[in-house]
file final.cif (mmCIF, C-alpha atoms)
data_query
loop_
_atom_site.label_atom_id
_atom_site.label_comp_id
_atom_site.auth_asym_id
_atom_site.auth_seq_id
_atom_site.Cartn_x
_atom_site.Cartn_y
_atom_site.Cartn_z
CA MET H 299 164.14 197.02 58.22
CA TRP H 300 165.10 194.77 61.06
CA TYR H 301 168.12 193.52 62.94
CA LEU H 302 168.86 189.80 63.10
CA HIS H 303 171.42 188.62 65.59
CA SER H 304 172.98 186.00 63.33
CA GLY H 305 174.27 186.46 59.78
CA ALA H 306 174.15 189.68 57.82
CA GLN H 307 170.78 190.63 56.37
CA ILE H 308 170.40 193.52 53.93
CA PRO H 309 166.84 194.79 53.39
CA VAL H 310 166.79 197.03 50.30
CA GLU H 311 163.72 199.07 49.32
CA ILE H 312 162.88 201.36 46.40
CA THR H 313 159.73 203.50 46.24
CA VAL H 314 158.64 205.23 43.03
CA GLY H 315 155.94 207.83 43.56
CA HIS H 316 154.21 210.84 42.08
CA SER H 317 156.80 213.32 43.42
CA SER H 318 160.05 211.41 44.04
CA TYR H 319 162.12 208.26 44.06
CA TYR H 320 163.15 206.94 47.49
CA TYR H 321 165.80 204.32 48.28
CA GLN H 322 166.80 202.87 51.65
CA HIS H 323 168.85 199.95 52.91
CA MET H 324 170.08 198.57 56.21
CA PHE H 325 173.03 196.31 56.93
CA SER H 326 173.66 194.73 60.31
CA ALA H 327 175.95 191.88 61.29
CA LYS H 328 178.15 190.61 64.08
CA ILE H 329 181.91 190.85 63.57
CA ILE H 330 182.32 187.45 65.29
CA ALA H 331 179.12 185.41 65.71
CA GLU H 332 179.63 184.54 69.41
CA LYS H 333 180.76 188.04 70.45
CA PRO H 334 178.59 191.10 71.16
CA PHE H 335 180.42 193.45 68.73
CA GLY H 336 179.09 194.18 65.26
CA PHE H 337 178.60 196.72 62.49
CA PHE H 338 175.46 198.60 61.44
CA ASN H 339 174.80 200.85 58.44
CA THR H 340 171.62 202.45 57.17
CA SER H 341 171.45 204.78 54.18
CA SER H 342 168.74 206.53 52.19
CA ILE H 343 168.52 208.68 49.06
CA LEU H 344 165.55 210.82 48.09
CA LEU H 345 165.44 212.05 44.48
CA PRO H 346 162.58 214.54 44.05
CA TYR H 347 161.29 215.34 40.58
CA HIS H 348 161.12 219.05 41.46
CA LYS H 349 164.64 220.53 41.48
CA LYS H 350 163.84 223.18 44.12
CA ARG H 351 163.44 220.53 46.81
CA GLY H 352 166.94 219.13 46.34
CA ILE H 353 168.38 215.64 46.64
CA GLU H 354 168.64 214.19 50.16
CA VAL H 355 171.37 211.74 51.13
CA MET H 356 171.83 210.23 54.59
CA SER H 357 174.14 207.46 55.78
CA GLN H 358 174.80 206.22 59.31
CA SER H 359 177.55 203.73 60.23
CA TYR H 360 178.28 202.34 63.70
CA LEU H 361 180.33 199.84 65.60
CA THR H 362 177.71 198.13 67.74
CA TYR H 363 177.56 196.35 71.07
CA GLU H 364 174.73 193.93 71.80
CA ILE H 365 173.70 194.34 75.44
CA ASN H 366 171.22 191.46 75.17
CA LYS H 367 168.92 189.98 72.51
CA ARG H 368 166.72 193.10 72.50
CA TRP H 369 168.99 196.03 73.39
CA SER H 370 172.03 197.29 71.46
CA THR H 371 174.13 200.43 71.45
CA GLY H 372 176.87 201.85 69.27
CA LEU H 373 179.23 204.65 68.30
CA GLY H 374 179.90 205.89 64.80
CA SER H 375 178.91 208.70 62.49
CA ILE H 376 176.10 210.10 60.42
CA TYR H 377 176.67 211.66 57.02
CA ALA H 378 174.45 214.30 55.44
CA PRO H 379 175.68 216.82 52.84
CA GLY H 380 174.91 219.84 55.05
CA ASN H 381 176.99 218.72 58.05
CA ARG H 382 179.26 216.15 56.35
CA PHE H 383 180.35 213.49 58.85
CA VAL H 384 179.26 214.02 62.45
CA PRO H 385 180.10 211.63 65.33
CA SER H 386 177.00 209.95 66.72
CA ALA H 387 175.85 207.42 69.33
CA PHE H 388 172.69 205.32 69.48
CA VAL H 389 170.65 202.92 71.61
CA TRP H 390 167.91 200.69 70.20
CA TYR H 391 165.32 198.21 71.35
CA PHE H 392 164.22 195.52 68.88
CA ASN H 393 161.72 192.71 69.32
CA LYS H 394 160.04 190.19 67.05
CA LYS H 395 156.99 188.22 68.16
CA ASN H 396 155.50 185.79 65.65
CA ASP H 397 154.83 187.86 62.51
CA ILE H 398 155.30 191.33 64.07
CA SER H 399 158.62 193.16 64.49
CA TYR H 400 159.16 196.51 66.13
CA LEU H 401 162.14 198.77 66.70
CA ILE H 402 162.73 201.93 68.75
CA PHE H 403 165.99 203.70 67.84
CA THR H 404 167.36 206.83 69.54
CA ARG H 405 170.42 208.66 68.25
CA MET H 406 172.30 211.76 69.33
CA ASP H 407 175.15 213.64 67.66
CA VAL H 408 178.31 213.77 69.77
CA TRP H 409 179.56 217.28 68.99
CA SER H 410 179.03 220.93 69.98
CA LYS H 411 175.75 221.38 68.03
CA PRO H 412 173.91 218.12 68.65
CA SER H 413 170.68 216.92 67.15
CA PHE H 414 168.52 214.17 68.62
CA GLU H 415 166.67 211.53 66.58
CA LEU H 416 163.86 209.21 67.59
CA PHE H 417 163.01 206.55 65.01
CA GLY H 418 160.71 203.56 65.13
CA PHE H 419 158.77 201.09 63.08
CA VAL H 420 156.20 198.32 63.38
CA GLU H 421 156.34 195.68 60.65
CA TYR H 422 154.04 192.75 59.87
CA GLN H 423 155.01 189.80 57.68
CA GLY H 424 152.58 186.90 57.36
CA SER H 425 153.36 183.21 57.67
CA LYS H 426 156.26 181.96 55.57
CA ASN H 427 154.32 178.76 54.77
CA GLN H 428 152.24 180.49 52.07
CA ASP H 429 153.24 181.78 48.62
CA PHE H 430 151.52 185.14 49.19
CA ASN H 431 151.47 186.87 52.58
CA LEU H 432 150.38 190.28 53.80
CA TYR H 433 153.22 192.78 54.34
CA ALA H 434 152.72 196.07 56.21
CA ARG H 435 155.02 198.60 57.87
CA LEU H 436 154.60 201.94 59.63
CA GLN H 437 157.86 203.90 60.02
CA LEU H 438 158.15 207.13 62.06
CA GLN H 439 161.06 209.53 62.64
CA TYR H 440 161.53 212.80 64.51
CA ILE H 441 164.78 214.85 64.48
CA THR H 442 165.25 217.96 66.59
CA SER H 443 168.15 220.33 67.17
CA MET H 444 169.28 220.88 70.74
CA HIS H 445 171.13 224.02 69.67
CA TRP H 446 168.74 226.06 67.50
CA ASN H 447 165.21 226.17 66.08
CA GLY H 448 163.99 222.83 67.45
CA HIS H 449 162.31 220.64 64.83
CA LEU H 450 164.53 219.70 61.88
CA LYS H 451 162.66 216.84 60.22
CA SER H 452 159.94 214.29 60.83
CA VAL H 453 158.59 211.51 58.63
CA GLN H 454 155.68 209.10 58.50
CA TYR H 455 156.09 206.27 55.97
CA ALA H 456 153.53 203.52 55.39
CA ARG H 457 153.80 200.37 53.28
CA LEU H 458 151.01 197.92 52.48
CA GLY H 459 151.42 195.03 50.09
CA VAL H 460 152.25 191.36 49.72
CA ASP H 461 155.24 189.15 50.39
CA ASN H 462 155.85 186.71 47.53
CA LYS H 463 158.88 184.43 47.88
CA SER H 464 160.77 186.95 50.08
CA VAL H 465 160.05 189.93 47.82
CA GLN H 466 157.64 192.52 49.19
CA TYR H 467 155.79 194.99 46.97
CA GLY H 468 152.70 197.16 47.07
CA LEU H 469 151.58 200.68 47.93
CA GLY H 470 153.98 203.17 49.53
CA ILE H 471 153.16 206.52 51.13
CA ASN H 472 155.79 208.99 52.38
CA PHE H 473 155.06 212.15 54.38
CA ASP H 474 158.02 214.43 55.23
CA GLN H 475 158.03 217.64 57.30
CA TYR H 476 160.99 220.04 57.59
CA GLY H 477 161.99 222.92 59.86
CA PRO H 478 160.23 224.74 62.68
CA ASP H 479 157.31 225.58 60.34
CA SER H 480 156.97 221.90 59.30
CA LYS H 481 157.02 222.45 55.54
CA HIS H 482 155.25 219.37 54.19
CA TYR H 483 155.92 217.05 51.23
CA SER H 484 154.15 213.85 50.25
CA ASN H 485 154.87 210.98 47.89
CA PHE H 486 152.33 208.31 46.87
CA GLY H 487 153.44 205.35 44.78
CA LEU H 488 154.65 201.76 44.65
CA PHE H 489 157.46 200.07 46.57
CA VAL H 490 159.49 196.92 46.12
CA ARG H 491 161.63 195.44 48.91
CA ARG H 492 163.99 192.47 49.12
CA VAL H 493 166.15 191.09 51.93
CA PHE H 494 169.51 189.90 50.59
#
call {"tool": "encode", "arguments": {"input": "final.cif", "output": "structure tokens"}}
result
Amino acid sequence: MWYLHSGAQIPVEITVGHSSYYYQHMFSAKIIAEKPFGFFNTSSILLPYHKKRGIEVMSQSYLTYEINKRWSTGLGSIYAPGNRFVPSAFVWYFNKKNDISYLIFTRMDVWSKPSFELFGFVEYQGSKNQDFNLYARLQLQYITSMHWNGHLKSVQYARLGVDNKSVQYGLGINFDQYGPDSKHYSNFGLFVRRVF
């Protein structure tokens, strides 16, 4: 997942593992190319094979303001079935140097029972001059409640594979922890990713 400051890019990824299916996408674009205002959406769906865990759906949508080429902020909402739509605000820092991209994203609910999210990733994509390139990503997330019980969720996702003609695929590992006792789930499998 990355943010490009020109036309819309939509990275879409599906992971099929031993315990669940996982889908995520990101959409980011300027409303008018020369202006700092834009729109950002990221959504994910987790479909576990075990019914007791339950399906997870999350979607965030924001009107964004680009402060400069690396910093952006925005106001919008996050949707999750438990809380429905909750107003939210974010700030992120994004940078791309050669074949490495990294993002730090902080978000906070704007309501009486706020939660705080810290998200980040480091992504490597090899040279575009070759048919097959190494692709790797480490994605981390931590969500805590400022109102009760502290830790809500944290994740560590790793991807390692190849990039072949703008399609990435390979091994995917997901680790998820929930609640103050950090109940743990894992998913090992294969992923495929494409930027549309």
call {"tool": "resolve_selection", "arguments": {"input": "final.cif", "expression": "the PyMOL selection byres ((chain H and resi 473) around 7)", "output": "JSON, numbers by chain"}}
result
{"H": [453, 454, 455, 471, 472, 474, 475, 483, 484, 485]}
call {"tool": "write_last_selection", "arguments": {"input": "final.cif", "atoms": "C-alpha atoms", "output": "PDB file, in the frame of the given file"}}
result
ATOM      1  CA  VAL H 453     158.590 211.510  58.630  1.00  0.00           C
ATOM      2  CA  GLN H 454     155.680 209.100  58.500  1.00  0.00           C
ATOM      3  CA  TYR H 455     156.090 206.270  55.970  1.00  0.00           C
ATOM      4  CA  ILE H 471     153.160 206.520  51.130  1.00  0.00           C
ATOM      5  CA  ASN H 472     155.790 208.990  52.380  1.00  0.00           C
ATOM      6  CA  ASP H 474     158.020 214.430  55.230  1.00  0.00           C
ATOM      7  CA  GLN H 475     158.030 217.640  57.300  1.00  0.00           C
ATOM      8  CA  TYR H 483     155.920 217.050  51.230  1.00  0.00           C
ATOM      9  CA  SER H 484     154.150 213.850  50.250  1.00  0.00           C
ATOM     10  CA  ASN H 485     154.870 210.980  47.890  1.00  0.00           C
TER      11      ASN H 485
END
call {"tool": "closest_atom_pairs", "arguments": {"input": "final.cif", "of": "stretch 350-459 of chain H", "to": "stretch 340-346 of chain H", "cutoff": "8 Å", "atoms": "all atoms listed in the file", "output": "Markdown table"}}
result
| residue | atom | partner | partner_atom | distance |
| --- | --- | --- | --- | --- |
| H:Arg351 | CA | H:Pro346 | CA | 6.7 |
| H:Gly352 | CA | H:Pro346 | CA | 6.7 |
| H:Ile353 | CA | H:Leu345 | CA | 5.1 |
| H:Glu354 | CA | H:Leu344 | CA | 5.0 |
| H:Val355 | CA | H:Ile343 | CA | 4.7 |
| H:Met356 | CA | H:Ser342 | CA | 5.4 |
| H:Ser357 | CA | H:Ser341 | CA | 4.1 |
| H:Gln358 | CA | H:Thr340 | CA | 5.4 |
| H:Ser359 | CA | H:Thr340 | CA | 6.8 |
call {"tool": "resolve_selection", "arguments": {"input": "final.cif", "expression": "the PyMOL selection byres ((chain H and resi 440-444) around 8)", "output": "VMD selection string"}}
result
chain H and resid 411 to 417 438 to 439 445 to 453
call {"tool": "resolve_selection", "arguments": {"input": "final.cif", "expression": "the PyMOL selection byres ((chain H and resi 379-385) around 9)", "output": "PyMOL selection string"}}
result
chain H and resi 354-356+373-378+386-387+406-409
call {"tool": "residues_around", "arguments": {"input": "final.cif", "residues": "stretch 423-434 of chain H", "least_positions_apart": "6", "cutoff": "6 Å", "atoms": "all atoms listed in the file", "output": "list in words"}}
result
Asp397, Arg457, Leu458, Gly459, Val460, Asp461 and Asn462 of chain H
call {"tool": "atom_distance", "arguments": {"input": "final.cif", "atom1": "atom CA of H:Tyr467", "atom2": "atom CA of H:Gln437"}}
result
15.9 Å
call {"tool": "closest_residue", "arguments": {"input": "final.cif", "among": "H:Pro334, H:Gly418, H:Ser464, H:Gly487", "to": "H:Val310", "atoms": "only C-alpha atoms"}}
result
H:Ser464
call {"tool": "closest_residue", "arguments": {"input": "final.cif", "among": "H:Ser326, H:Thr313, H:Gln307, H:Ser480", "to": "H:Tyr363", "atoms": "all atoms listed in the file"}}
result
H:Ser326
call {"tool": "closest_residue", "arguments": {"input": "final.cif", "among": "H:Asn396, H:Gly336, H:Ile308, H:Tyr347", "to": "H:His323", "atoms": "all atoms listed in the file"}}
result
H:Ile308
call {"tool": "atom_distance", "arguments": {"input": "final.cif", "atom1": "atom CA of H:Leu469", "atom2": "atom CA of H:Gln322"}}
result
15.8 Å
call {"tool": "atom_distance", "arguments": {"input": "final.cif", "atom1": "atom CA of H:Lys367", "atom2": "atom CA of H:Tyr321"}}
result
28.3 Å
call {"tool": "closest_residue", "arguments": {"input": "final.cif", "among": "H:Lys463, H:His316, H:Arg368, H:Arg491", "to": "H:Arg435", "atoms": "all atoms listed in the file"}}
result
H:Arg491
call {"tool": "decode", "arguments": {"input": "final.cif", "residues": "stretch 335-470 of chain H", "atoms": "C-alpha atoms", "output": "CSV table (one decimal), in the first residue's frame"}}
result
chain,number,residue,atom,x,y,z
H,335,PHE,CA,-7.2,18.3,-1.5
H,336,GLY,CA,-7.9,14.6,-2.2
H,337,PHE,CA,-9.7,11.5,-1.1
H,338,PHE,CA,-8.4,8.4,0.7
H,339,ASN,CA,-10.1,5.0,1.4
H,340,THR,CA,-8.7,1.8,2.8
H,341,SER,CA,-10.7,-1.3,3.6
H,342,SER,CA,-10.1,-4.8,4.7
H,343,ILE,CA,-12.2,-8.0,5.2
H,344,LEU,CA,-11.0,-11.0,7.3
H,345,LEU,CA,-13.0,-14.2,6.7
H,346,PRO,CA,-11.9,-16.8,9.3
H,347,TYR,CA,-12.6,-20.5,8.6
H,348,HIS,CA,-13.6,-20.9,12.3
H,349,LYS,CA,-17.0,-19.4,12.9
H,350,LYS,CA,-16.3,-18.5,16.6
H,351,ARG,CA,-13.7,-15.9,15.6
H,352,GLY,CA,-16.2,-13.9,13.5
H,353,ILE,CA,-15.9,-11.9,10.3
H,354,GLU,CA,-14.0,-8.6,10.5
H,355,VAL,CA,-14.8,-5.6,8.3
H,356,MET,CA,-13.1,-2.2,8.4
H,357,SER,CA,-13.3,0.7,6.1
H,358,GLN,CA,-11.8,4.2,6.5
H,359,SER,CA,-12.6,7.2,4.2
H,360,TYR,CA,-11.2,10.7,4.4
H,361,LEU,CA,-11.0,14.0,2.7
H,362,THR,CA,-7.3,14.7,2.6
H,363,TYR,CA,-5.0,17.7,2.6
H,364,GLU,CA,-1.4,17.4,1.4
H,365,ILE,CA,0.8,19.5,3.6
H,366,ASN,CA,3.8,18.8,1.4
H,367,LYS,CA,5.1,15.8,-0.7
H,368,ARG,CA,5.7,13.7,2.5
H,369,TRP,CA,3.0,14.8,5.0
H,370,SER,CA,-0.8,14.7,4.7
H,371,THR,CA,-3.7,15.0,7.0
H,372,GLY,CA,-7.4,14.4,6.7
H,373,LEU,CA,-10.9,14.2,8.3
H,374,GLY,CA,-13.4,11.4,7.7
H,375,SER,CA,-14.8,8.3,9.3
H,376,ILE,CA,-13.9,4.7,10.1
H,377,TYR,CA,-16.5,1.9,9.9
H,378,ALA,CA,-16.4,-1.3,11.9
H,379,PRO,CA,-19.6,-3.3,12.7
H,380,GLY,CA,-19.2,-2.9,16.5
H,381,ASN,CA,-19.1,1.0,16.4
H,382,ARG,CA,-20.7,1.6,13.0
H,383,PHE,CA,-19.4,4.9,11.6
H,384,VAL,CA,-17.2,7.0,13.9
H,385,PRO,CA,-15.6,10.4,12.9
H,386,SER,CA,-11.9,10.2,12.6
H,387,ALA,CA,-8.8,12.3,11.8
H,388,PHE,CA,-5.3,11.2,10.7
H,389,VAL,CA,-1.8,12.4,9.9
H,390,TRP,CA,0.7,10.4,7.8
H,391,TYR,CA,4.3,10.6,6.7
H,392,PHE,CA,5.1,8.8,3.4
H,393,ASN,CA,8.5,8.5,1.7
H,394,LYS,CA,9.9,6.5,-1.2
H,395,LYS,CA,13.6,6.3,-1.9
H,396,ASN,CA,14.7,4.1,-4.8
H,397,ASP,CA,13.0,0.7,-4.3
H,398,ILE,CA,11.9,1.2,-0.7
H,399,SER,CA,8.7,2.9,0.5
H,400,TYR,CA,7.7,3.6,4.0
H,401,LEU,CA,4.6,5.0,5.7
H,402,ILE,CA,3.7,6.1,9.3
H,403,PHE,CA,0.0,6.7,9.8
H,404,THR,CA,-1.6,7.9,13.0
H,405,ARG,CA,-5.4,8.1,13.5
H,406,MET,CA,-7.7,9.1,16.3
H,407,ASP,CA,-11.4,8.9,16.6
H,408,VAL,CA,-13.1,12.2,17.1
H,409,TRP,CA,-15.9,11.3,19.6
H,410,SER,CA,-16.5,10.8,23.3
H,411,LYS,CA,-14.8,7.3,23.5
H,412,PRO,CA,-11.8,7.7,21.2
H,413,SER,CA,-9.3,5.1,20.1
H,414,PHE,CA,-5.9,5.8,18.8
H,415,GLU,CA,-4.2,3.9,15.9
H,416,LEU,CA,-0.6,3.8,14.9
H,417,PHE,CA,0.1,2.0,11.6
H,418,GLY,CA,3.2,1.7,9.5
H,419,PHE,CA,4.8,-0.3,6.8
H,420,VAL,CA,8.1,-0.7,5.0
H,421,GLU,CA,7.9,-2.1,1.4
H,422,TYR,CA,10.6,-3.1,-1.1
H,423,GLN,CA,10.0,-3.5,-4.8
H,424,GLY,CA,13.0,-4.3,-7.0
H,425,SER,CA,14.0,-2.6,-10.3
H,426,LYS,CA,11.2,-2.2,-12.8
H,427,ASN,CA,13.7,-3.1,-15.6
H,428,GLN,CA,13.5,-6.8,-14.9
H,429,ASP,CA,10.7,-9.3,-15.5
H,430,PHE,CA,11.0,-10.8,-12.0
H,431,ASN,CA,11.8,-8.6,-9.0
H,432,LEU,CA,11.9,-9.2,-5.3
H,433,TYR,CA,8.8,-7.9,-3.4
H,434,ALA,CA,8.7,-7.7,0.4
H,435,ARG,CA,6.6,-5.8,3.0
H,436,LEU,CA,6.4,-5.6,6.7
H,437,GLN,CA,3.1,-4.0,8.0
H,438,LEU,CA,2.5,-3.2,11.7
H,439,GLN,CA,-0.6,-1.8,13.5
H,440,TYR,CA,-1.5,-0.9,17.1
H,441,ILE,CA,-4.9,0.3,18.3
H,442,THR,CA,-5.6,1.3,21.8
H,443,SER,CA,-8.6,2.7,23.6
H,444,MET,CA,-8.2,6.0,25.5
H,445,HIS,CA,-11.4,5.3,27.4
H,446,TRP,CA,-11.3,1.7,28.6
H,447,ASN,CA,-9.1,-1.4,28.8
H,448,GLY,CA,-6.2,-0.1,26.7
H,449,HIS,CA,-5.1,-2.4,23.9
H,450,LEU,CA,-7.8,-3.3,21.4
H,451,LYS,CA,-5.8,-4.8,18.5
H,452,SER,CA,-2.4,-5.1,17.1
H,453,VAL,CA,-1.1,-6.8,13.9
H,454,GLN,CA,2.1,-7.9,12.3
H,455,TYR,CA,1.9,-8.8,8.6
H,456,ALA,CA,4.8,-9.9,6.4
H,457,ARG,CA,4.9,-10.6,2.7
H,458,LEU,CA,7.8,-12.0,0.7
H,459,GLY,CA,7.6,-12.9,-3.0
H,460,VAL,CA,8.2,-11.7,-6.5
H,461,ASP,CA,6.9,-8.9,-8.7
H,462,ASN,CA,6.2,-10.1,-12.2
H,463,LYS,CA,4.8,-7.5,-14.6
H,464,SER,CA,3.2,-5.4,-11.8
H,465,VAL,CA,1.6,-8.4,-10.1
H,466,GLN,CA,3.1,-9.4,-6.7
H,467,TYR,CA,2.7,-12.9,-5.2
H,468,GLY,CA,4.4,-15.1,-2.7
H,469,LEU,CA,4.2,-16.1,1.0
H,470,GLY,CA,2.0,-14.2,3.4
